[in-house]
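One file, run12.tsv, carrying TSV, C-alpha atoms:
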```tsv
chain	number	residue	atom	x	y	z
A	281	MET	CA	182.41	69.60	39.57
A	282	ALA	CA	180.51	70.38	36.44
A	283	ILE	CA	177.49	69.24	34.46
A	284	PHE	CA	178.10	68.97	30.73
A	285	GLY	CA	174.93	67.63	29.23
A	286	LEU	CA	171.56	65.99	29.61
A	287	TRP	CA	169.87	63.40	27.42
A	288	VAL	CA	166.43	61.90	27.67
A	289	ILE	CA	166.00	58.53	25.96
A	290	ASN	CA	162.55	57.03	25.44
A	291	LYS	CA	161.73	53.41	26.14
A	292	ALA	CA	162.41	52.40	22.55
A	293	GLY	CA	165.94	53.82	22.62
A	294	GLY	CA	165.24	57.03	20.72
A	295	LEU	CA	166.74	60.30	21.85
A	296	VAL	CA	163.87	62.67	22.67
A	297	TYR	CA	165.81	65.49	24.30
A	298	GLU	CA	169.41	66.62	24.23
A	299	ARG	CA	170.96	69.67	25.75
A	300	SER	CA	174.56	70.72	26.44
A	301	PHE	CA	175.69	73.10	29.13
A	302	GLY	CA	178.81	75.22	28.86
A	303	ASP	CA	181.42	74.60	26.18
A	304	GLY	CA	182.76	71.35	27.61
A	305	LEU	CA	181.21	68.97	25.09
A	306	PRO	CA	182.36	68.76	21.48
A	307	HIS	CA	179.59	69.50	19.03
A	308	LEU	CA	178.09	66.40	17.49
A	309	THR	CA	175.49	66.19	14.75
A	310	SER	CA	171.98	65.12	15.68
A	311	ASN	CA	172.54	61.84	13.86
A	312	GLU	CA	175.59	61.06	15.98
A	313	TYR	CA	173.57	61.81	19.10
A	314	LEU	CA	170.84	59.43	17.94
A	315	VAL	CA	173.40	56.66	17.38
A	316	LEU	CA	174.97	57.28	20.79
A	317	ALA	CA	171.60	57.15	22.52
A	318	GLY	CA	170.61	53.98	20.71
A	319	THR	CA	173.92	52.31	21.60
A	320	LEU	CA	173.63	53.33	25.23
A	321	HIS	CA	170.11	51.93	25.28
A	322	GLY	CA	171.45	48.59	24.04
A	323	ILE	CA	174.33	48.52	26.51
A	324	HIS	CA	171.95	49.35	29.32
A	325	ALA	CA	169.63	46.53	28.32
A	326	ILE	CA	172.54	44.06	28.40
A	327	THR	CA	173.95	45.26	31.71
A	328	SER	CA	170.55	44.85	33.33
A	329	ARG	CA	170.79	41.11	32.57
A	330	LEU	CA	174.34	40.65	33.84
A	331	SER	CA	173.58	40.75	37.55
A	332	PRO	CA	174.78	37.61	39.34
A	333	THR	CA	172.24	38.04	42.14
A	334	GLY	CA	168.75	38.37	40.75
A	335	SER	CA	167.26	41.26	38.87
A	336	SER	CA	169.10	44.52	38.34
A	337	SER	CA	168.26	47.95	37.00
A	338	GLY	CA	171.35	48.01	34.78
A	339	ALA	CA	174.27	50.41	34.60
A	340	HIS	CA	174.05	53.45	36.86
A	341	VAL	CA	177.36	55.09	36.10
A	342	ILE	CA	179.67	54.68	33.15
A	343	SER	CA	182.86	56.62	33.66
A	344	GLY	CA	185.76	57.61	31.48
A	345	GLU	CA	189.04	59.31	32.29
A	346	THR	CA	187.61	62.81	32.28
A	347	PHE	CA	183.87	62.43	32.68
A	348	LYS	CA	181.12	60.07	33.73
A	349	MET	CA	177.60	59.29	32.54
A	350	ASN	CA	174.98	59.00	35.24
A	351	ILE	CA	171.94	57.01	34.16
A	352	LEU	CA	168.54	57.06	35.81
A	353	LEU	CA	166.06	54.47	34.62
A	354	THR	CA	162.43	55.26	35.48
A	355	ALA	CA	159.62	52.79	36.05
A	356	THR	CA	158.24	53.47	32.57
A	357	GLY	CA	161.53	52.78	30.79
A	358	THR	CA	162.46	56.38	30.08
A	359	LYS	CA	166.15	57.01	30.74
A	360	PHE	CA	167.75	60.23	31.89
A	361	VAL	CA	171.47	60.52	31.24
A	362	LEU	CA	173.55	63.22	32.85
A	363	LEU	CA	177.10	63.86	31.63
A	364	THR	CA	179.21	65.25	34.46
A	365	SER	CA	182.78	65.60	35.62
A	366	LEU	CA	184.24	62.66	37.54
A	367	VAL	CA	183.61	64.22	40.94
A	368	GLU	CA	180.01	65.36	40.92
A	369	PRO	CA	178.33	64.44	44.20
A	370	THR	CA	175.01	66.03	43.24
A	371	ALA	CA	174.49	63.96	40.09
A	372	ASP	CA	171.90	61.63	41.62
A	373	SER	CA	169.83	64.36	43.19
A	374	VAL	CA	170.01	66.43	40.01
A	375	LEU	CA	168.70	63.46	38.03
A	376	GLN	CA	165.79	63.08	40.45
A	377	LYS	CA	164.96	66.76	40.00
A	378	VAL	CA	165.14	66.41	36.23
A	379	TYR	CA	162.73	63.47	36.49
A	380	GLU	CA	160.39	65.64	38.55
A	381	ILE	CA	160.51	68.46	35.99
A	382	TYR	CA	159.89	65.92	33.22
A	383	ALA	CA	156.81	64.62	35.03
A	384	ASP	CA	155.47	68.15	35.50
A	385	ALA	CA	156.36	69.99	32.31
A	386	VAL	CA	156.23	67.14	29.80
A	387	MET	CA	153.81	64.46	30.99
A	388	LYS	CA	151.19	66.95	32.21
A	389	ASN	CA	151.39	68.98	29.02
A	390	PRO	CA	148.47	68.15	26.72
A	391	PHE	CA	150.49	69.16	23.66
A	392	HIS	CA	153.19	66.54	24.18
A	393	THR	CA	152.97	63.24	22.34
A	394	PRO	CA	154.44	60.39	24.40
A	395	GLU	CA	157.71	58.89	23.07
A	396	MET	CA	158.16	61.83	20.71
A	397	PRO	CA	160.87	64.53	20.91
A	398	ILE	CA	160.23	67.03	23.70
A	399	ARG	CA	159.38	70.48	22.41
A	400	SER	CA	158.05	72.12	25.50
A	401	GLU	CA	159.01	75.64	26.42
A	402	GLY	CA	158.22	74.98	30.08
A	403	PHE	CA	160.61	72.02	30.19
A	404	ASP	CA	163.40	74.03	28.55
A	405	THR	CA	162.94	76.92	30.96
A	406	ARG	CA	162.87	74.77	34.06
A	407	ILE	CA	165.86	72.67	33.00
A	408	GLY	CA	167.69	75.90	32.26
A	409	ALA	CA	166.85	77.18	35.72
A	410	LEU	CA	168.08	73.95	37.32
A	411	LEU	CA	171.26	73.37	35.34
A	412	GLY	CA	171.92	76.38	33.12
B	10	MET	CA	135.91	85.54	18.39
B	11	ALA	CA	132.25	85.83	17.48
B	12	TYR	CA	130.00	82.99	18.47
B	13	PRO	CA	128.49	81.38	15.43
B	14	GLN	CA	125.21	80.58	17.17
B	15	PRO	CA	122.68	82.93	18.71
B	16	HIS	CA	122.79	81.18	22.07
B	17	PRO	CA	126.04	79.25	22.20
B	18	ARG	CA	125.94	78.70	25.93
B	19	PHE	CA	123.06	76.29	25.50
B	20	SER	CA	125.00	73.89	23.40
B	21	VAL	CA	128.15	71.95	24.11
B	22	LEU	CA	128.44	70.99	20.49
B	23	SER	CA	130.57	72.95	18.15
B	24	THR	CA	129.06	73.92	14.83
B	25	SER	CA	131.38	71.55	13.06
B	26	SER	CA	130.25	68.58	15.08
B	27	LEU	CA	126.55	69.34	14.87
B	28	SER	CA	126.16	67.54	11.60
B	29	SER	CA	127.65	64.36	12.99
B	30	ALA	CA	125.47	64.42	16.07
B	31	GLU	CA	122.05	65.15	14.71
B	32	HIS	CA	120.27	63.12	17.32
B	33	LEU	CA	120.97	65.94	19.72
B	34	SER	CA	118.86	68.92	18.83
B	35	PRO	CA	121.11	71.98	18.60
B	36	GLY	CA	118.84	74.09	20.78
B	37	SER	CA	118.66	71.67	23.67
B	38	SER	CA	120.46	72.70	26.81
B	39	SER	CA	122.75	69.73	26.87
B	40	ARG	CA	125.08	71.80	29.00
B	41	PHE	CA	122.88	71.13	31.98
B	42	SER	CA	122.45	67.43	31.50
B	43	LEU	CA	123.22	65.31	34.51
B	44	PRO	CA	126.07	62.86	34.26
B	45	SER	CA	124.93	59.28	34.16
B	46	ALA	CA	124.73	58.59	37.85
B	47	PRO	CA	123.25	55.64	39.64
B	48	SER	CA	119.51	56.20	39.71
B	49	ILE	CA	118.16	57.41	42.99
B	50	ASN	CA	115.82	54.90	44.49
B	51	THR	CA	113.24	56.54	46.73
B	52	ALA	CA	111.13	53.49	47.44
B	53	SER	CA	113.40	51.24	49.44
B	54	THR	CA	116.12	51.84	51.96
B	55	PRO	CA	119.65	51.30	50.69
B	56	LYS	CA	121.06	47.86	51.21
B	57	PRO	CA	123.53	47.54	54.07
B	58	GLY	CA	127.11	47.55	52.94
B	59	THR	CA	126.55	49.63	49.82
B	60	ARG	CA	128.31	52.97	49.63
B	61	PRO	CA	126.05	56.01	49.91
B	62	ASN	CA	125.21	57.84	46.72
B	63	ILE	CA	127.66	60.65	46.02
B	64	TYR	CA	124.75	63.12	45.98
B	65	ASP	CA	123.75	62.13	49.52
B	66	ARG	CA	127.10	62.90	51.11
B	67	PRO	CA	127.21	65.93	53.41
B	68	LEU	CA	128.28	68.96	51.40
B	69	ASN	CA	130.12	70.65	54.23
B	70	LYS	CA	132.40	67.71	54.74
B	71	THR	CA	134.35	68.65	51.64
B	72	ARG	CA	134.55	72.36	52.44
B	73	ASN	CA	138.25	72.25	53.18
B	74	ALA	CA	139.03	69.14	51.21
B	75	GLU	CA	141.71	69.50	48.60
B	76	VAL	CA	142.28	67.70	45.35
B	77	SER	CA	145.72	66.52	44.29
B	78	SER	CA	146.98	69.09	41.82
B	79	ALA	CA	148.95	66.42	39.97
B	80	ALA	CA	145.84	64.28	39.52
B	81	PHE	CA	143.93	67.30	38.27
B	82	ALA	CA	146.78	68.30	35.94
B	83	PHE	CA	146.68	64.85	34.28
B	84	LEU	CA	142.89	64.96	34.03
B	85	PHE	CA	142.89	68.45	32.55
B	86	SER	CA	145.63	67.46	30.12
B	87	GLU	CA	143.48	64.57	28.92
B	88	ILE	CA	140.46	66.88	28.65
B	89	VAL	CA	142.42	69.25	26.43
B	90	GLN	CA	143.77	66.39	24.28
B	91	TYR	CA	140.32	64.82	23.96
B	92	THR	CA	138.76	68.13	23.03
B	93	GLN	CA	141.53	69.03	20.61
B	94	LYS	CA	140.90	65.89	18.57
B	95	ARG	CA	137.29	66.88	18.02
B	96	VAL	CA	137.51	70.51	16.98
B	97	SER	CA	138.38	72.35	13.82
B	98	GLY	CA	140.35	75.27	15.22
B	99	ILE	CA	141.59	77.24	18.17
B	100	ASN	CA	138.36	79.24	18.57
B	101	ASP	CA	136.35	76.07	18.60
B	102	LEU	CA	138.67	74.50	21.19
B	103	GLU	CA	138.43	77.54	23.44
B	104	ARG	CA	134.66	77.57	23.13
B	105	ARG	CA	134.41	73.96	24.16
B	106	LEU	CA	136.71	74.44	27.14
B	107	ASN	CA	134.55	77.42	28.06
B	108	THR	CA	131.47	75.21	27.89
B	109	LEU	CA	133.06	72.61	30.16
B	110	GLY	CA	133.98	75.33	32.64
B	111	TYR	CA	130.44	76.67	32.49
B	112	ARG	CA	129.11	73.40	33.82
B	113	ILE	CA	131.45	73.69	36.78
B	114	GLY	CA	130.66	77.35	37.35
B	115	THR	CA	126.92	76.75	37.79
B	116	ARG	CA	127.71	74.20	40.48
B	117	VAL	CA	130.34	76.35	42.15
B	118	LEU	CA	127.85	79.20	42.48
B	119	GLU	CA	125.16	76.95	43.88
B	120	LEU	CA	127.54	75.40	46.39
B	121	MET	CA	128.90	78.76	47.47
B	122	ALA	CA	125.42	80.20	47.95
B	123	TRP	CA	124.43	77.15	49.97
B	124	ARG	CA	127.49	77.30	52.19
B	125	ASN	CA	127.20	81.03	52.61
B	126	GLU	CA	123.64	80.58	53.80
B	127	SER	CA	124.56	78.09	56.48
B	128	ALA	CA	127.73	79.86	57.56
B	129	SER	CA	126.67	83.45	58.04
B	130	LYS	CA	123.78	84.96	59.98
B	131	ALA	CA	122.94	87.44	57.27
B	132	PRO	CA	123.71	85.73	53.98
B	133	LYS	CA	123.87	88.20	51.18
B	134	ARG	CA	123.42	87.94	47.45
B	135	GLU	CA	125.44	90.31	45.34
B	136	THR	CA	123.12	92.43	43.22
B	137	ARG	CA	125.58	95.06	42.01
B	138	PHE	CA	128.31	94.28	39.53
B	139	LEU	CA	131.44	95.48	41.31
B	140	PRO	CA	130.86	93.61	44.58
B	141	ALA	CA	129.97	90.55	42.51
B	142	LEU	CA	133.23	90.88	40.61
B	143	MET	CA	135.14	91.26	43.86
B	144	SER	CA	133.51	88.14	45.21
B	145	ILE	CA	134.49	86.20	42.08
B	146	HIS	CA	138.04	87.49	42.37
B	147	THR	CA	138.28	86.44	46.01
B	148	HIS	CA	135.72	83.79	46.93
B	149	VAL	CA	135.22	81.88	43.71
B	150	TRP	CA	138.97	81.81	43.08
B	151	ARG	CA	139.62	80.61	46.61
B	152	ALA	CA	136.97	77.90	46.32
B	153	VAL	CA	138.23	76.69	42.95
B	154	PHE	CA	141.97	77.36	43.01
B	155	GLY	CA	142.71	77.81	46.72
B	156	LYS	CA	143.99	81.37	46.36
B	157	PRO	CA	142.50	84.70	45.31
B	158	ALA	CA	143.19	86.10	41.84
B	159	ASP	CA	145.90	88.73	41.54
B	160	ALA	CA	144.11	91.77	40.18
B	161	ILE	CA	140.94	93.27	38.78
B	162	GLU	CA	141.13	95.86	36.06
B	163	LYS	CA	138.60	97.96	34.22
B	164	SER	CA	139.13	98.57	30.54
B	165	VAL	CA	140.04	102.14	29.70
B	166	GLU	CA	138.65	101.98	26.18
B	167	ASN	CA	135.41	100.09	26.69
B	168	ALA	CA	133.07	100.77	29.59
B	169	ASP	CA	131.60	97.27	29.40
B	170	GLU	CA	134.88	95.39	29.80
B	171	TYR	CA	136.44	94.19	33.03
B	172	MET	CA	139.42	91.94	33.59
B	173	ILE	CA	140.43	89.45	36.25
B	174	ILE	CA	144.14	88.76	36.22
B	175	ASP	CA	145.90	85.67	37.50
B	176	ASN	CA	149.69	85.76	37.44
B	177	ASP	CA	150.12	81.99	37.52
B	178	PRO	CA	146.88	80.05	36.97
B	179	PRO	CA	147.26	76.63	38.62
B	180	ILE	CA	145.44	74.75	35.85
B	181	THR	CA	147.78	75.91	33.09
B	182	ARG	CA	151.00	75.86	35.11
B	183	ASN	CA	152.31	72.76	33.32
B	184	ILE	CA	150.97	73.54	29.88
B	185	SER	CA	153.28	74.78	27.15
B	186	VAL	CA	151.27	75.80	24.13
B	187	PRO	CA	153.11	75.15	20.85
B	188	ARG	CA	154.10	78.19	18.87
B	189	ASP	CA	151.67	77.60	16.02
B	190	MET	CA	148.76	77.78	18.47
B	191	SER	CA	150.13	80.64	20.51
B	192	SER	CA	146.77	82.44	20.69
B	193	LEU	CA	145.23	79.51	22.55
B	194	SER	CA	144.62	79.97	26.23
B	195	CYS	CA	143.56	76.88	28.15
B	196	SER	CA	142.22	79.23	30.81
B	197	SER	CA	139.11	79.41	28.63
B	198	PHE	CA	138.02	76.75	31.08
B	199	THR	CA	138.32	79.31	33.90
B	200	ALA	CA	136.53	81.85	31.71
B	201	GLY	CA	133.63	79.41	31.47
B	202	ILE	CA	133.47	79.15	35.26
B	203	VAL	CA	133.41	82.95	35.56
B	204	GLU	CA	130.76	83.23	32.85
B	205	ALA	CA	128.51	80.74	34.64
B	206	VAL	CA	128.86	82.49	38.00
B	207	LEU	CA	128.10	85.87	36.42
B	208	ASP	CA	125.13	84.40	34.55
B	209	GLY	CA	123.84	82.84	37.73
B	210	LEU	CA	124.06	86.15	39.54
B	211	GLY	CA	122.16	87.84	36.73
B	212	PHE	CA	125.04	89.59	35.00
B	213	SER	CA	124.98	88.24	31.48
B	214	ALA	CA	128.41	88.53	29.93
B	215	ARG	CA	130.74	86.99	27.43
B	216	VAL	CA	133.94	85.85	29.08
B	217	THR	CA	137.15	84.95	27.28
B	218	ALA	CA	140.71	84.19	28.35
B	219	HIS	CA	143.87	85.71	26.93
B	220	ASN	CA	147.57	85.18	27.49
B	221	THR	CA	149.24	88.34	28.71
B	222	PRO	CA	152.73	87.21	29.68
B	223	THR	CA	155.15	89.52	31.41
B	224	GLU	CA	158.85	89.14	32.06
B	225	GLN	CA	158.20	88.15	35.64
B	226	PHE	CA	155.10	86.01	35.06
B	227	PRO	CA	155.30	84.05	31.80
B	228	ASN	CA	151.96	82.33	32.53
B	229	ARG	CA	150.02	85.50	33.33
B	230	THR	CA	146.46	85.22	32.09
B	231	THR	CA	143.69	87.79	31.73
B	232	ILE	CA	140.06	86.75	31.99
B	233	LEU	CA	138.16	89.34	29.94
B	234	ILE	CA	134.55	90.00	30.87
B	235	LYS	CA	132.39	91.76	28.30
B	236	LEU	CA	129.09	92.67	29.91
B	237	GLU	CA	125.85	92.77	28.00
B	238	LYS	CA	124.25	96.14	27.42
B	239	SER	CA	121.21	95.36	29.55
B	240	VAL	CA	123.46	94.79	32.58
B	241	LEU	CA	125.12	98.19	32.17
B	242	GLU	CA	121.74	99.85	31.78
B	243	ARG	CA	120.47	98.23	34.95
B	244	GLU	CA	123.61	99.23	36.85
B	245	GLU	CA	123.04	102.79	35.68
B	246	ALA	CA	119.40	102.69	36.80
B	247	LEU	CA	120.32	101.29	40.23
B	248	LYS	CA	122.81	104.06	40.78
B	249	THR	CA	121.24	106.50	43.23
```
Spell out the structure here as structure tokens.
Amino acid sequence: MAIFGLWVINKAGGLVYERSFGDGLPHLTSNEYLVLAGTLHGIHAITSRLSPTGSSSGAHVISGETFKMNILLTATGTKFVLLTSLVEPTADSVLQKVYEIYADAVMKNPFHTPEMPIRSEGFDTRIGALLG
Amino acid sequence: MAYPQPHPRFSVLSTSSLSSAEHLSPGSSSRFSLPSAPSINTASTPKPGTRPNIYDRPLNKTRNAEVSSAAFAFLFSEIVQYTQKRVSGINDLERRLNTLGYRIGTRVLELMAWRNESASKAPKRETRFLPALMSIHTHVWRAVFGKPADAIEKSVENADEYMIIDNDPPITRNISVPRDMSSLSCSSFTAGIVEAVLDGLGFSARVTAHNTPTEQFPNRTTILIKLEKSVLEREEALKT
């Protein structure tokens, strides 16, 4: 019952936002994060073509022994990834709220360049209020 | 934040862009130009099936109509981005936003006067400054933003300065100004609206917007009104 981290991956597979909550996650360098995000982007692209019955939106949850990754793919190709504990019933609704905050604080901000790293104080504050 | 031109409110062009747009004479009041609208044909009746001209629609129909705040937020964001690409600095950007707001303010005042006339038995025009300021704080804000502003203050140091304070201006709610432009306030747009309404009522003033964040309201904005000397003198003369 815990949320460890949030990533936002743009449609080209670049990591545009990364934030950890609590001390659960080991500290990785920004390069390692970029590689992880790029790899996840690739895996997601492959899984979306695996479906035996028509089109699919790709992997939703990837879980390990101690944590799971919840992935939300938006209509524009931006991906939100939430790292949580194995039992986290709110993960989906939290991701929807993160998407909402992203639409408000990032997309409506004239000083944000699309597909570039998110440096918006408003986004940070609101994410902090939601998850911090 | 001194205006470089003697009468800046008559020009939407910044000084830096004047050279590249010489076909527009700098003194012309391009601020009041009409948008390119379908020409109004007075000779013949409109063809059946065509939509009525936007200028012919009843004005009272939209009295309580509301605009999607998300749609406006995207539009305003584009306006700021568009403007930012064409200016040389923060002052220039604020002045242009002010100019855009001015065009709205003139229309807001006209519409409010028109509606006031049809709605009340004894329509009144504000001729003194304080009631006019109160009406901007309450009525203009309600017409434009759907809620009154949060406070009016009078400057302690300067007798000619008044402030309208909004704790969370709807138009800048989603805007995070980067740190290197921290003095920029996109509410200059609102300042332009206020300036136009004051001008229209006969209170010439220079209106600017400033960020005045507090712990509780990080988006708090102050609209600073600096009245012209002639207005203060008239107010003094009217005092009986």
Review point. What residues in chain B lie within 12 Å of chain A, counting only C-alpha atoms, written as a VMD selection string?
Key: chain B and resid 78 to 94 180 to 191 193 195 227 to 228
Practice item. Quick one: pull the distance between atom CA of Ser77 of chain B and atom CA of Gly155 of chain B, Å, one decimal. Key: 11.9 Å
Point to revise | For atom CA of Arg243 of chain B and atom CA of Ala160 of chain B, the interatomic separation in Å (one decimal) | key: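 These atoms are spaced 25.1 Å apart.
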Exercise for review: Report the distance between atom CA of Gly209 of chain B and atom CA of Ser97 of chain B in Å, rounded to one decimal place.
Suggested key: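 Answer for the atom CA of Gly209 of chain B to atom CA of Ser97 of chain B separation: 29.9 Å.
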Point to revise | Pick from A:Ser373, A:Ser343, A:Asn350, A:Thr405, whichever lies nearest to Gly285 of chain A using only C-alpha atoms | key: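 Of A:Ser373, A:Ser343, A:Asn350, A:Thr405, the one nearest Gly285 of chain A, counting only C-alpha atoms, is A:Asn350.
Of the residues under consideration (A:Glu312, A:Ala355, A:Val288, A:Leu366), A:Val288 shows the shortest atom-to-atom contact distance to Val378 of chain A when counting all atoms listed in the file.
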Point to revise | From B:Ala74, B:Ile63, B:Ala152, B:Val165, residue lying nearest Gly114 of chain B [all atoms listed in the file] | key: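 Selected residue with least distance to Gly114 of chain B: B:Ala152.
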**Study point:** Non-local contacts of Gly322 of chain A (10 Å; only C-alpha atoms; under 5 positions in same chain excluded) as a PyMOL selection string
**Key:** chain A and resi 292-293+316-317+327
Check your understanding: Which residues come within 10 Å of Ser127 of chain B, counting only C-alpha atoms, excluding same-chain residues fewer than 5 positions away, as a list in words?
Key -> Asn69, Ala122 and Pro132 of chain B
